Amino acid sequence: MRLEPKDLLEKLEFDKIIALLDKECLGELGRQAIHRMPFMTNVDDIERRLREVSEYKLALSKNDQFPLATYEDLAEDLKMLDIEGYVLPEDGFVRINAVLVIMADVFRFFTPDRQQIYPSLYDIIRPVHFDPQLNTAIGKVFDENGDIRPDASLPCSPSAGKSGASSGNSTRSSAPSSTATATPAG
């Protein structure tokens, strides 16, 4: 049985907080997460989030720039890569690489010293496996503008483009096309 009034969140102006947070989001996934965010009542969860905010504020005050950037939702691209024989277009690679670059910057930010200074923020990414070879592989084919490098050589053999992506998918390129075929690892 709920005892609080139905309009409690409006009376507490929770909707205004959500609107302010929405403006600061760098991507659609962040906006969706903000709008799904529940009103927290668990003390441990609240204290953990407050530690995260405190550490982020500390980084700002020390001019210790946490690497943030706008990003695109990769759900469609990643979903399509689960389809055997699917050909990922150039722009799909560009979107994936842009997110990989951001992730590389985030992992580079958390040096051992910063892991100690910002333990709550580091706990957010601690369980994430990041393979920097993915950036390297895409960077050999596409430049920072998303154009195919003139010196790019795309592998022709089925095993040439395989990598250990945590999603369980491997990609292989079919020369001379600028697309890749997804093959589920088995």
# chains A, B, ... in the order shown; residues from 1 in each chain; ligands from 1
call {"tool": "residues_around", "arguments": {"residues": "Leu74 in chain A", "least_positions_apart": "3", "cutoff": "9 Å", "atoms": "only C-alpha atoms", "output": "PyMOL selection string"}}
result
chain A and resi 71+77-79+92+95-96+99
call {"tool": "residues_around", "arguments": {"residues": "range 14-26 of chain A", "least_positions_apart": "4", "cutoff": "12 Å", "atoms": "only C-alpha atoms", "output": "ChimeraX atom specification"}}
result
/A:7-10,30-40,67-73,102
call {"tool": "residues_around", "arguments": {"residues": "range 49-60 of chain A", "least_positions_apart": "5", "cutoff": "9 Å", "atoms": "only C-alpha atoms", "output": "ChimeraX atom specification"}}
result
/A:44,65-66,117-121
call {"tool": "atom_distance", "arguments": {"atom1": "CA of Leu134 in chain A", "atom2": "CA of Leu81 in chain A"}}
result
14.8 Å
call {"tool": "atom_distance", "arguments": {"atom1": "CA of Glu28 in chain A", "atom2": "CA of Asn42 in chain A"}}
result
26.6 Å
call {"tool": "select_by_dssp", "arguments": {"residues": "range 5-186 of chain A", "states": "helix (DSSP H, G or I)", "output": "PyMOL selection string"}}
result
chain A and resi 8-11+14-24+28-36+43-61+75-81+90-109+112-117+119-125+133-139
call {"tool": "write_last_selection", "arguments": {"atoms": "C-alpha atoms", "output": "PDB file, in the first residue's frame"}}
result
ATOM      1  CA  LEU A   8       4.436  13.702  -4.807  1.00  0.00           C
ATOM      2  CA  LEU A   9       7.049  13.839  -7.586  1.00  0.00           C
ATOM      3  CA  GLU A  10       5.476  16.977  -9.045  1.00  0.00           C
ATOM      4  CA  LYS A  11       5.275  18.593  -5.601  1.00  0.00           C
ATOM      5  CA  PHE A  14      11.243  15.957  -9.703  1.00  0.00           C
ATOM      6  CA  ASP A  15       9.990  16.644 -13.225  1.00  0.00           C
ATOM      7  CA  LYS A  16      11.998  19.892 -13.286  1.00  0.00           C
ATOM      8  CA  ILE A  17      15.141  18.034 -12.231  1.00  0.00           C
ATOM      9  CA  ILE A  18      14.582  15.525 -15.031  1.00  0.00           C
ATOM     10  CA  ALA A  19      14.130  18.380 -17.530  1.00  0.00           C
ATOM     11  CA  LEU A  20      17.399  19.995 -16.395  1.00  0.00           C
ATOM     12  CA  LEU A  21      19.250  16.690 -16.654  1.00  0.00           C
ATOM     13  CA  ASP A  22      17.757  16.021 -20.080  1.00  0.00           C
ATOM     14  CA  LYS A  23      19.355  19.203 -21.416  1.00  0.00           C
ATOM     15  CA  GLU A  24      22.792  18.001 -20.315  1.00  0.00           C
ATOM     16  CA  GLU A  28      19.503   9.803 -26.914  1.00  0.00           C
ATOM     17  CA  LEU A  29      20.308   6.801 -24.712  1.00  0.00           C
ATOM     18  CA  GLY A  30      21.184   9.175 -21.880  1.00  0.00           C
ATOM     19  CA  ARG A  31      17.907  11.037 -22.334  1.00  0.00           C
ATOM     20  CA  GLN A  32      15.970   7.785 -22.243  1.00  0.00           C
ATOM     21  CA  ALA A  33      17.802   6.699 -19.082  1.00  0.00           C
ATOM     22  CA  ILE A  34      17.046  10.026 -17.389  1.00  0.00           C
ATOM     23  CA  HIS A  35      13.337   9.759 -18.175  1.00  0.00           C
ATOM     24  CA  ARG A  36      13.210   6.158 -16.923  1.00  0.00           C
ATOM     25  CA  VAL A  43      19.860   4.780   0.922  1.00  0.00           C
ATOM     26  CA  ASP A  44      22.780   2.757  -0.487  1.00  0.00           C
ATOM     27  CA  ASP A  45      21.824   3.637  -4.079  1.00  0.00           C
ATOM     28  CA  ILE A  46      21.413   7.298  -3.201  1.00  0.00           C
ATOM     29  CA  GLU A  47      24.777   7.415  -1.413  1.00  0.00           C
ATOM     30  CA  ARG A  48      26.511   5.666  -4.353  1.00  0.00           C
ATOM     31  CA  ARG A  49      25.059   8.201  -6.811  1.00  0.00           C
ATOM     32  CA  LEU A  50      26.054  11.084  -4.530  1.00  0.00           C
ATOM     33  CA  ARG A  51      29.632   9.736  -4.424  1.00  0.00           C
ATOM     34  CA  GLU A  52      29.642   9.601  -8.236  1.00  0.00           C
ATOM     35  CA  VAL A  53      28.459  13.208  -8.443  1.00  0.00           C
ATOM     36  CA  SER A  54      30.977  14.309  -5.813  1.00  0.00           C
ATOM     37  CA  GLU A  55      33.832  12.655  -7.701  1.00  0.00           C
ATOM     38  CA  TYR A  56      32.724  14.196 -10.989  1.00  0.00           C
ATOM     39  CA  LYS A  57      32.559  17.631  -9.331  1.00  0.00           C
ATOM     40  CA  LEU A  58      36.048  17.019  -7.935  1.00  0.00           C
ATOM     41  CA  ALA A  59      37.320  16.254 -11.439  1.00  0.00           C
ATOM     42  CA  LEU A  60      35.769  19.491 -12.718  1.00  0.00           C
ATOM     43  CA  SER A  61      37.257  21.526  -9.874  1.00  0.00           C
ATOM     44  CA  ALA A  75      21.580  -0.672 -31.185  1.00  0.00           C
ATOM     45  CA  GLU A  76      20.455  -1.049 -34.811  1.00  0.00           C
ATOM     46  CA  ASP A  77      23.984  -1.527 -36.142  1.00  0.00           C
ATOM     47  CA  LEU A  78      24.807  -4.104 -33.483  1.00  0.00           C
ATOM     48  CA  LYS A  79      21.489  -5.896 -33.962  1.00  0.00           C
ATOM     49  CA  MET A  80      22.112  -6.152 -37.681  1.00  0.00           C
ATOM     50  CA  LEU A  81      25.573  -7.607 -37.078  1.00  0.00           C
ATOM     51  CA  GLU A  90      30.455   2.556 -44.128  1.00  0.00           C
ATOM     52  CA  ASP A  91      28.365   4.842 -41.931  1.00  0.00           C
ATOM     53  CA  GLY A  92      27.782   1.943 -39.531  1.00  0.00           C
ATOM     54  CA  PHE A  93      31.527   1.531 -39.124  1.00  0.00           C
ATOM     55  CA  VAL A  94      31.893   5.272 -38.613  1.00  0.00           C
ATOM     56  CA  ARG A  95      29.237   5.296 -35.849  1.00  0.00           C
ATOM     57  CA  ILE A  96      30.792   2.289 -34.130  1.00  0.00           C
ATOM     58  CA  ASN A  97      34.277   3.772 -34.380  1.00  0.00           C
ATOM     59  CA  ALA A  98      33.109   7.098 -32.916  1.00  0.00           C
ATOM     60  CA  VAL A  99      31.798   5.311 -29.821  1.00  0.00           C
ATOM     61  CA  LEU A 100      34.967   3.191 -29.615  1.00  0.00           C
ATOM     62  CA  VAL A 101      37.070   6.375 -29.654  1.00  0.00           C
ATOM     63  CA  ILE A 102      35.047   7.789 -26.756  1.00  0.00           C
ATOM     64  CA  MET A 103      35.398   4.515 -24.852  1.00  0.00           C
ATOM     65  CA  ALA A 104      39.155   4.448 -25.466  1.00  0.00           C
ATOM     66  CA  ASP A 105      39.378   7.976 -24.040  1.00  0.00           C
ATOM     67  CA  VAL A 106      37.366   6.964 -20.965  1.00  0.00           C
ATOM     68  CA  PHE A 107      39.573   3.930 -20.310  1.00  0.00           C
ATOM     69  CA  ARG A 108      42.705   6.025 -20.885  1.00  0.00           C
ATOM     70  CA  PHE A 109      41.381   8.594 -18.374  1.00  0.00           C
ATOM     71  CA  PRO A 112      45.807   3.784 -11.702  1.00  0.00           C
ATOM     72  CA  ASP A 113      46.057   7.122  -9.837  1.00  0.00           C
ATOM     73  CA  ARG A 114      42.659   8.272 -11.094  1.00  0.00           C
ATOM     74  CA  GLN A 115      41.130   4.918 -10.214  1.00  0.00           C
ATOM     75  CA  GLN A 116      42.072   5.755  -6.630  1.00  0.00           C
ATOM     76  CA  ILE A 117      40.879   9.363  -6.805  1.00  0.00           C
ATOM     77  CA  PRO A 119      36.697   5.010  -7.340  1.00  0.00           C
ATOM     78  CA  SER A 120      32.915   5.393  -7.699  1.00  0.00           C
ATOM     79  CA  LEU A 121      33.203   6.647 -11.262  1.00  0.00           C
ATOM     80  CA  TYR A 122      35.670   3.892 -12.079  1.00  0.00           C
ATOM     81  CA  ASP A 123      33.239   1.321 -10.653  1.00  0.00           C
ATOM     82  CA  ILE A 124      30.821   2.267 -13.449  1.00  0.00           C
ATOM     83  CA  ILE A 125      33.174   1.050 -16.183  1.00  0.00           C
ATOM     84  CA  GLN A 133      42.331  -3.417 -31.255  1.00  0.00           C
ATOM     85  CA  LEU A 134      38.822  -2.699 -32.553  1.00  0.00           C
ATOM     86  CA  ASN A 135      39.734   1.003 -32.859  1.00  0.00           C
ATOM     87  CA  THR A 136      42.986   0.098 -34.532  1.00  0.00           C
ATOM     88  CA  ALA A 137      41.329  -2.221 -37.052  1.00  0.00           C
ATOM     89  CA  ILE A 138      38.667   0.313 -38.032  1.00  0.00           C
ATOM     90  CA  GLY A 139      41.249   3.114 -38.056  1.00  0.00           C
TER      91      GLY A 139
END
call {"tool": "atom_distance", "arguments": {"atom1": "CA of Arg126 in chain A", "atom2": "CA of Phe110 in chain A"}}
result
9.9 Å
